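A quick write-up on the structure given underneath.
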Amino acid sequence: MKLTQRDARSARLRALPAYLFDELVRLRHASEARGVDVIDLSIGDPDLGAPVAVVEALRRHAGDPGLHCYTPQWVIQEFNAAAAGWMRRRFGVSLDPATEVFPVIGTKEGLAHLPLAVLDPGDLALVPDPGYPVYSRGVWFAGGTVEWMPLEASRGFLPDLAALRGKHPRLVFVNYPNNPTSAVATAGFYRDLISWAQDTNAYVASDAAYSEIAFDGHVSASILAEPGAGDVAIEFHSLSKTFNMAGWRVGFVAGQASLVAALKTLKSNLDSDVFGPILMASCVALEQGQPALDATLEEYRARRNLILSGLDECGIDYHRSPATLYIWARVPGGMTSLEFAGALLERAGLLVAPGAGFGECGEGYFRISVTCPTPRVKAARERLGEVAGLWKK
């Protein structure tokens, strides 16, 4: 007798909502299986490739059998020093490489594991809505309680700190430049956030993955550059977005020493660090800094401008921002974000990210990514114009 297949997932996994990006990949594959030529504008996956010097460094170090073992401590020390040097040059922040910097296997991994390192069951964490789904997932896996912080257009998609008075979270997540809204934060906002965190004994986790993706002279701020940040804040930086190294799975965490130590201790029990040659090549990227970014930013700027002009012609409103890989636009025509995304995929073969996938406050919006080859962006702009009749009456 054949046994009935059981659901092997734990209760915590069964309770999770569908992960947005898995669903987008599924939709794309289903459409392509039907013969649709899908232009994917939904996911921020850099397409331009890592800098040549970084690739050459990886090739060179990958040939060293001494780096094929578990990552040597001296390699981590070199990476920490390179990351600390980059933070000093970029933000004027002085960090101790031994205690205030540590590599993560991409910032997604670090952000997801941080709640396990600092939260006890039932502890409160504040999470932005709309926001990157990994924040809430990490809190739920740790047994913590999520409370949403609405990000509204009227406030520039910044949380209302005054509305948080009286709350006593253990951890609060912020993300600027922001995914999905593309909003930016000022040094003044970070100073106010630090003051609030000090008053409430909260820790701040700042996701700065998009700090270097900026246009039109904008320079993003770091919470760690503000007075008092060393008491309450930890910041995550990603080489994925900055240097087109998403598949390499490398980033770093910096800031408050006890938070870094807690995450380091957790990771020592769960993983064996980033592959040594990748860390050594990443040192080259961090040491190159801005020159390695210029060509990428110019390409992204051109794509962004193409998309924005297309949205203007189609009568679609969007948040005007000088940063990130994304455009956060209002859904036209009275449709929900899922209805609009479905219509674009069905009628035009365009895949965008529906705002509802980022939280309740994301409803009414959709997100476009500029990490698609320029010829495909041009084709997407044309297709968008061809289906504008869906909402233009």
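Convention: chains lettered A, B, ... in structure tokens order; per-chain residue numbering from 1; ligands numbered from 1 as shown.
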
Problem - All strand (DSSP E or B) positions in segment 342-387 of chain A, as number ranges by chain - result: A: 350-351, 353-354, 365-369

Against segment 233-241 of chain A, which residues of segment 93-176 of chain A fall within 10 Å? For each one I want the closest pair of atoms and the distance in Å (one decimal), counting only C-alpha atoms, rows by chain and increasing residue number, as a tab-separated table.
residue	atom	partner	partner_atom	distance
A:Glu100	CA	A:Ile234	CA	8.9
A:Val101	CA	A:Ile234	CA	9.6
A:Phe102	CA	A:Phe236	CA	9.9
A:Pro103	CA	A:His237	CA	9.5
A:Val104	CA	A:Phe236	CA	8.9
A:Ile105	CA	A:Ser238	CA	9.5
A:Gly106	CA	A:Ser238	CA	6.4
A:Thr107	CA	A:Ser238	CA	5.8
A:Lys108	CA	A:Ser238	CA	9.0
A:Gly110	CA	A:Phe236	CA	7.7
A:Leu111	CA	A:Phe236	CA	7.7
A:Leu114	CA	A:Ile234	CA	9.9
A:Leu171	CA	A:Ala233	CA	9.7
A:Val172	CA	A:Ala233	CA	9.6
A:Phe173	CA	A:Ile234	CA	9.9
A:Val174	CA	A:Glu235	CA	9.6
A:Asn175	CA	A:Phe236	CA	9.5

Take the residues just selected and output them with N, CA and C atoms as an mmCIF file, in the first residue's frame.
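Once everything was written out, this is again-v6.cif:
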data_model
loop_
_atom_site.group_PDB
_atom_site.id
_atom_site.type_symbol
_atom_site.label_atom_id
_atom_site.label_comp_id
_atom_site.auth_asym_id
_atom_site.auth_seq_id
_atom_site.Cartn_x
_atom_site.Cartn_y
_atom_site.Cartn_z
ATOM 1 N N GLU A 100 34.393 45.320 14.904
ATOM 2 C CA GLU A 100 33.251 46.096 14.406
ATOM 3 C C GLU A 100 32.952 45.847 12.934
ATOM 4 N N VAL A 101 33.576 44.856 12.339
ATOM 5 C CA VAL A 101 33.342 44.493 10.936
ATOM 6 C C VAL A 101 33.400 42.978 10.823
ATOM 7 N N PHE A 102 32.532 42.412 9.960
ATOM 8 C CA PHE A 102 32.605 40.967 9.726
ATOM 9 C C PHE A 102 31.896 40.651 8.411
ATOM 10 N N PRO A 103 32.438 39.693 7.612
ATOM 11 C CA PRO A 103 31.794 39.339 6.342
ATOM 12 C C PRO A 103 30.533 38.508 6.553
ATOM 13 N N VAL A 104 29.581 38.682 5.650
ATOM 14 C CA VAL A 104 28.375 37.857 5.623
ATOM 15 C C VAL A 104 28.233 37.260 4.228
ATOM 16 N N ILE A 105 27.469 36.191 4.144
ATOM 17 C CA ILE A 105 27.292 35.481 2.870
ATOM 18 C C ILE A 105 26.181 36.179 2.087
ATOM 19 N N GLY A 106 26.436 37.428 1.756
ATOM 20 C CA GLY A 106 25.417 38.298 1.197
ATOM 21 C C GLY A 106 24.613 38.918 2.324
ATOM 22 N N THR A 107 24.145 40.147 2.138
ATOM 23 C CA THR A 107 23.420 40.803 3.228
ATOM 24 C C THR A 107 22.092 40.119 3.540
ATOM 25 N N LYS A 108 21.517 39.405 2.582
ATOM 26 C CA LYS A 108 20.278 38.663 2.865
ATOM 27 C C LYS A 108 20.505 37.684 4.004
ATOM 28 N N GLY A 110 22.896 37.770 6.328
ATOM 29 C CA GLY A 110 23.163 38.477 7.576
ATOM 30 C C GLY A 110 21.915 39.061 8.196
ATOM 31 N N LEU A 111 21.069 39.673 7.364
ATOM 32 C CA LEU A 111 19.835 40.270 7.866
ATOM 33 C C LEU A 111 18.880 39.210 8.407
ATOM 34 N N LEU A 114 20.375 37.933 11.854
ATOM 35 C CA LEU A 114 20.511 38.875 12.967
ATOM 36 C C LEU A 114 19.444 38.667 14.043
ATOM 37 N N LEU A 171 14.521 45.431 18.440
ATOM 38 C CA LEU A 171 15.217 45.609 17.172
ATOM 39 C C LEU A 171 14.316 46.366 16.211
ATOM 40 N N VAL A 172 14.908 47.272 15.424
ATOM 41 C CA VAL A 172 14.163 47.974 14.383
ATOM 42 C C VAL A 172 14.985 47.947 13.100
ATOM 43 N N PHE A 173 14.323 47.599 12.006
ATOM 44 C CA PHE A 173 14.974 47.566 10.701
ATOM 45 C C PHE A 173 14.659 48.839 9.926
ATOM 46 N N VAL A 174 15.679 49.420 9.307
ATOM 47 C CA VAL A 174 15.483 50.494 8.337
ATOM 48 C C VAL A 174 16.329 50.182 7.114
ATOM 49 N N ASN A 175 15.952 50.764 5.977
ATOM 50 C CA ASN A 175 16.607 50.445 4.711
ATOM 51 C C ASN A 175 16.572 51.675 3.810
#

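Of all the residues in segment 120-213 of chain A, the ones DSSP labels as alpha helix (DSSP H) from the backbone are A:Val134, A:Tyr135, A:Ser136, A:Arg137, A:Gly138, A:Val139, A:Trp140, A:Phe141, A:Ala187, A:Gly188, A:Phe189, A:Tyr190, A:Arg191, A:Asp192, A:Leu193, A:Ile194, A:Ser195, A:Trp196, A:Ala197, A:Gln198, A:Asp199, A:Thr200.
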
Those same residues, written as an mmCIF file, in the first residue's frame with C-alpha atoms?
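The result, stored in part-v8.cif:
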data_model
loop_
_atom_site.group_PDB
_atom_site.id
_atom_site.type_symbol
_atom_site.label_atom_id
_atom_site.label_comp_id
_atom_site.auth_asym_id
_atom_site.auth_seq_id
_atom_site.Cartn_x
_atom_site.Cartn_y
_atom_site.Cartn_z
ATOM 1 C CA VAL A 134 13.603 38.976 4.688
ATOM 2 C CA TYR A 135 13.332 41.286 7.722
ATOM 3 C CA SER A 136 10.019 39.858 8.890
ATOM 4 C CA ARG A 137 10.998 36.285 7.983
ATOM 5 C CA GLY A 138 14.085 36.513 10.180
ATOM 6 C CA VAL A 139 12.045 37.794 13.106
ATOM 7 C CA TRP A 140 9.432 35.062 12.743
ATOM 8 C CA PHE A 141 12.074 32.335 12.528
ATOM 9 C CA ALA A 187 21.679 62.447 8.216
ATOM 10 C CA GLY A 188 19.036 64.286 10.249
ATOM 11 C CA PHE A 189 16.689 61.309 10.059
ATOM 12 C CA TYR A 190 19.444 59.028 11.300
ATOM 13 C CA ARG A 191 20.222 61.362 14.203
ATOM 14 C CA ASP A 192 16.567 61.337 15.241
ATOM 15 C CA LEU A 193 16.436 57.553 14.897
ATOM 16 C CA ILE A 194 19.542 57.109 17.059
ATOM 17 C CA SER A 195 18.074 59.366 19.740
ATOM 18 C CA TRP A 196 14.812 57.411 19.719
ATOM 19 C CA ALA A 197 16.692 54.089 19.878
ATOM 20 C CA GLN A 198 18.758 55.284 22.842
ATOM 21 C CA ASP A 199 15.597 56.373 24.673
ATOM 22 C CA THR A 200 13.891 53.008 24.101
#

Exercise for the section: Fewer than 4 positions away in the same chain doesn't count, so skip those; otherwise give me all residues within 9 Å of segment 353-365 of chain A, counting only C-alpha atoms, as a PyMOL selection string. Expected result: chain A and resi 18-21+24+41-43+128-133+148+150-152+180-181+318+328-332+334-342+369

Exercise for the section: Could you give me, as a PyMOL selection string, the residues within 8 Å of Gly144 of chain A, counting only C-alpha atoms and dropping anything in the same chain fewer than 3 positions from it? Expected result: chain A and resi 115+119-125+139-141

With N, CA and C atoms kept, could you save the residues just selected as a CSV table (one decimal), in the first residue's frame?
chain,number,residue,atom,x,y,z
A,115,PRO,N,18.2,38.5,13.7
A,115,PRO,CA,17.2,38.3,14.8
A,115,PRO,C,17.4,37.1,15.6
A,119,LEU,N,17.3,38.3,19.3
A,119,LEU,CA,16.0,38.3,19.8
A,119,LEU,C,15.7,37.0,20.6
A,120,ASP,N,15.0,37.2,21.7
A,120,ASP,CA,14.4,36.0,22.4
A,120,ASP,C,13.0,35.9,22.0
A,121,PRO,N,12.4,34.7,22.1
A,121,PRO,CA,11.0,34.5,21.7
A,121,PRO,C,10.1,35.5,22.4
A,122,GLY,N,9.2,36.1,21.5
A,122,GLY,CA,8.3,37.1,22.0
A,122,GLY,C,8.8,38.6,21.9
A,123,ASP,N,10.1,38.7,21.7
A,123,ASP,CA,10.7,40.1,21.6
A,123,ASP,C,10.1,40.8,20.4
A,124,LEU,N,9.9,42.1,20.5
A,124,LEU,CA,9.3,42.9,19.5
A,124,LEU,C,10.3,43.5,18.5
A,125,ALA,N,10.1,43.4,17.2
A,125,ALA,CA,10.9,44.0,16.2
A,125,ALA,C,10.0,44.8,15.3
A,139,VAL,N,12.7,37.6,11.8
A,139,VAL,CA,12.0,37.8,13.1
A,139,VAL,C,11.1,36.6,13.4
A,140,TRP,N,10.3,36.2,12.5
A,140,TRP,CA,9.4,35.1,12.7
A,140,TRP,C,10.2,33.8,13.0
A,141,PHE,N,11.3,33.5,12.3
A,141,PHE,CA,12.1,32.3,12.5
A,141,PHE,C,12.7,32.4,13.9

Practice task
Write out as a PyMOL selection string which residues come within 12 Å of Ser272 of chain A when counting only C-alpha atoms, dropping same-chain ones fewer than 4 positions away.
Solution key: chain A and resi 69-73+76+103-105+264-268+276

Any chance you could export the current selection's C-alpha atoms as an mmCIF file, in the first residue's frame?
data_model
loop_
_atom_site.group_PDB
_atom_site.id
_atom_site.type_symbol
_atom_site.label_atom_id
_atom_site.label_comp_id
_atom_site.auth_asym_id
_atom_site.auth_seq_id
_atom_site.Cartn_x
_atom_site.Cartn_y
_atom_site.Cartn_z
ATOM 1 C CA CYS A 69 40.198 24.774 2.936
ATOM 2 C CA TYR A 70 37.903 26.421 5.470
ATOM 3 C CA THR A 71 38.487 30.137 5.167
ATOM 4 C CA PRO A 72 41.752 31.045 6.931
ATOM 5 C CA GLN A 73 41.537 33.665 9.646
ATOM 6 C CA ILE A 76 38.895 37.311 7.058
ATOM 7 C CA PRO A 103 31.794 39.339 6.342
ATOM 8 C CA VAL A 104 28.375 37.857 5.623
ATOM 9 C CA ILE A 105 27.292 35.481 2.870
ATOM 10 C CA LYS A 264 29.519 36.310 14.430
ATOM 11 C CA THR A 265 28.831 33.782 17.202
ATOM 12 C CA LEU A 266 25.594 32.656 15.572
ATOM 13 C CA LYS A 267 27.263 32.289 12.196
ATOM 14 C CA SER A 268 30.142 30.264 13.648
ATOM 15 C CA GLY A 276 38.465 32.582 0.755
#

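The closest residue to Pro291 of chain A, picked from A:Pro277, A:Ala254, A:Thr242, A:Arg9 and counting only C-alpha atoms, is A:Thr242.
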
Exercise for the section: Using only C-alpha atoms, determine which residues lie at most 7 Å from segment 210-221 of chain A, disregarding the query and same-chain residues fewer than 6 positions distant; provide the list as a VMD selection string. Expected result: chain A and resid 177 186 to 187 241 to 242 297 301 322 to 325

Handout entry: Residues near segment 380-388 of chain A, cut-off 10 Å, only C-alpha atoms, skip fewer than 3 positions along chain, as a PyMOL selection string
Key = chain A and resi 38-41+306-311+313-316+332-333+343-344+347-351+372+374-377+391-393

With N, CA and C atoms retained, write the just-selected residues as a short mmCIF file (atom, residue, chain, number, x, y, z; two decimals), in the first residue's frame.
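Okay, again-v6.cif is ready:
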data_model
loop_
_atom_site.label_atom_id
_atom_site.label_comp_id
_atom_site.auth_asym_id
_atom_site.auth_seq_id
_atom_site.Cartn_x
_atom_site.Cartn_y
_atom_site.Cartn_z
N VAL A 38 9.17 37.03 -22.30
CA VAL A 38 9.01 37.83 -21.09
C VAL A 38 10.22 38.75 -20.90
N ILE A 39 9.95 40.02 -20.70
CA ILE A 39 10.98 40.97 -20.29
C ILE A 39 10.82 41.16 -18.79
N ASP A 40 11.82 40.72 -18.05
CA ASP A 40 11.72 40.68 -16.59
C ASP A 40 12.28 41.96 -15.98
N LEU A 41 11.38 42.80 -15.49
CA LEU A 41 11.75 44.04 -14.81
C LEU A 41 11.44 43.95 -13.32
N LEU A 306 15.06 56.03 -19.60
CA LEU A 306 14.19 55.45 -20.62
C LEU A 306 12.85 55.04 -20.01
N ILE A 307 12.92 54.37 -18.87
CA ILE A 307 11.70 53.90 -18.23
C ILE A 307 10.85 55.07 -17.75
N LEU A 308 11.49 56.05 -17.14
CA LEU A 308 10.74 57.19 -16.62
C LEU A 308 10.03 57.95 -17.74
N SER A 309 10.70 58.11 -18.87
CA SER A 309 10.04 58.81 -19.98
C SER A 309 8.85 58.00 -20.49
N GLY A 310 8.99 56.66 -20.48
CA GLY A 310 7.86 55.83 -20.88
C GLY A 310 6.70 55.93 -19.92
N LEU A 311 6.98 55.96 -18.62
CA LEU A 311 5.91 56.12 -17.63
C LEU A 311 5.23 57.48 -17.78
N GLU A 313 4.90 59.21 -20.54
CA GLU A 313 4.06 59.18 -21.73
C GLU A 313 2.78 58.38 -21.50
N CYS A 314 2.86 57.39 -20.61
CA CYS A 314 1.69 56.55 -20.34
C CYS A 314 0.83 57.10 -19.21
N GLY A 315 1.21 58.22 -18.62
CA GLY A 315 0.41 58.83 -17.56
C GLY A 315 0.48 58.09 -16.24
N ILE A 316 1.61 57.43 -15.97
CA ILE A 316 1.77 56.70 -14.72
C ILE A 316 2.64 57.51 -13.77
N PRO A 332 -2.04 52.32 -12.15
CA PRO A 332 -3.07 53.16 -12.77
C PRO A 332 -4.39 52.42 -12.95
N GLY A 333 -5.41 53.14 -13.26
CA GLY A 333 -6.65 52.54 -13.73
C GLY A 333 -7.50 51.84 -12.70
N ALA A 343 -1.97 41.81 -15.74
CA ALA A 343 -2.35 42.34 -17.05
C ALA A 343 -1.13 42.65 -17.90
N LEU A 344 -0.10 43.23 -17.28
CA LEU A 344 1.12 43.54 -18.03
C LEU A 344 1.78 42.26 -18.54
N ARG A 347 -0.71 40.75 -21.37
CA ARG A 347 -0.91 41.55 -22.58
C ARG A 347 0.39 42.00 -23.23
N ALA A 348 1.45 42.16 -22.42
CA ALA A 348 2.67 42.74 -22.98
C ALA A 348 3.93 41.92 -22.72
N GLY A 349 3.82 40.85 -21.97
CA GLY A 349 5.00 40.07 -21.65
C GLY A 349 5.97 40.81 -20.76
N LEU A 350 5.46 41.75 -19.96
CA LEU A 350 6.29 42.53 -19.04
C LEU A 350 6.05 42.03 -17.61
N LEU A 351 7.12 41.68 -16.91
CA LEU A 351 6.99 41.22 -15.53
C LEU A 351 7.52 42.30 -14.60
N CYS A 372 18.12 45.19 -16.29
CA CYS A 372 17.75 44.44 -17.50
C CYS A 372 18.53 45.06 -18.65
N THR A 374 19.93 46.98 -21.77
CA THR A 374 19.33 48.20 -22.33
C THR A 374 18.43 47.92 -23.54
N PRO A 375 18.80 47.04 -24.48
CA PRO A 375 17.87 46.76 -25.59
C PRO A 375 16.53 46.22 -25.10
N ARG A 376 16.54 45.45 -24.04
CA ARG A 376 15.29 44.92 -23.50
C ARG A 376 14.49 46.00 -22.79
N VAL A 377 15.21 46.95 -22.16
CA VAL A 377 14.52 48.08 -21.53
C VAL A 377 13.82 48.91 -22.60
N TRP A 391 -5.45 51.32 -19.12
CA TRP A 391 -5.80 52.27 -18.05
C TRP A 391 -6.08 53.68 -18.53
N LYS A 392 -5.69 54.03 -19.75
CA LYS A 392 -5.95 55.37 -20.25
C LYS A 392 -7.30 55.38 -20.96
N LYS A 393 -8.23 56.10 -20.41
CA LYS A 393 -9.58 56.12 -20.98
C LYS A 393 -9.82 57.43 -21.74
#

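Minimum distance to Val274 of chain A across A:Pro159, A:Gly85, A:Gly251, A:Gly289 (counting only C-alpha atoms) occurs at A:Gly251.
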
Please build the interface table for segment 187-253 of chain A against segment 50-62 of chain A with a cut-off of 8 Å, listing for each qualifying residue the nearest atom pair and the distance in Å to one decimal; count only C-alpha atoms, order rows by chain and increasing number, and write it as a tab-separated table.
residue	atom	partner	partner_atom	distance
A:Phe243	CA	A:Ala50	CA	5.7
A:Asn244	CA	A:Ala50	CA	4.9
A:Met245	CA	A:Ala50	CA	5.6

Selection from above, N, CA and C atoms, as a PDB file, in the first residue's frame, can you write it?
ATOM      1  N   PHE A 243      28.914  46.266  -6.707  1.00  0.00           N
ATOM      2  CA  PHE A 243      29.937  45.845  -7.673  1.00  0.00           C
ATOM      3  C   PHE A 243      29.447  44.745  -8.611  1.00  0.00           C
ATOM      4  N   ASN A 244      28.134  44.606  -8.782  1.00  0.00           N
ATOM      5  CA  ASN A 244      27.574  43.608  -9.698  1.00  0.00           C
ATOM      6  C   ASN A 244      28.045  42.193  -9.347  1.00  0.00           C
ATOM      7  N   MET A 245      27.989  41.870  -8.042  1.00  0.00           N
ATOM      8  CA  MET A 245      28.512  40.581  -7.565  1.00  0.00           C
ATOM      9  C   MET A 245      27.429  39.788  -6.827  1.00  0.00           C
TER      10      MET A 245
END

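Between atom CA of Arg34 of chain A and atom CA of Ala246 of chain A the interatomic distance comes to 28.9 Å.
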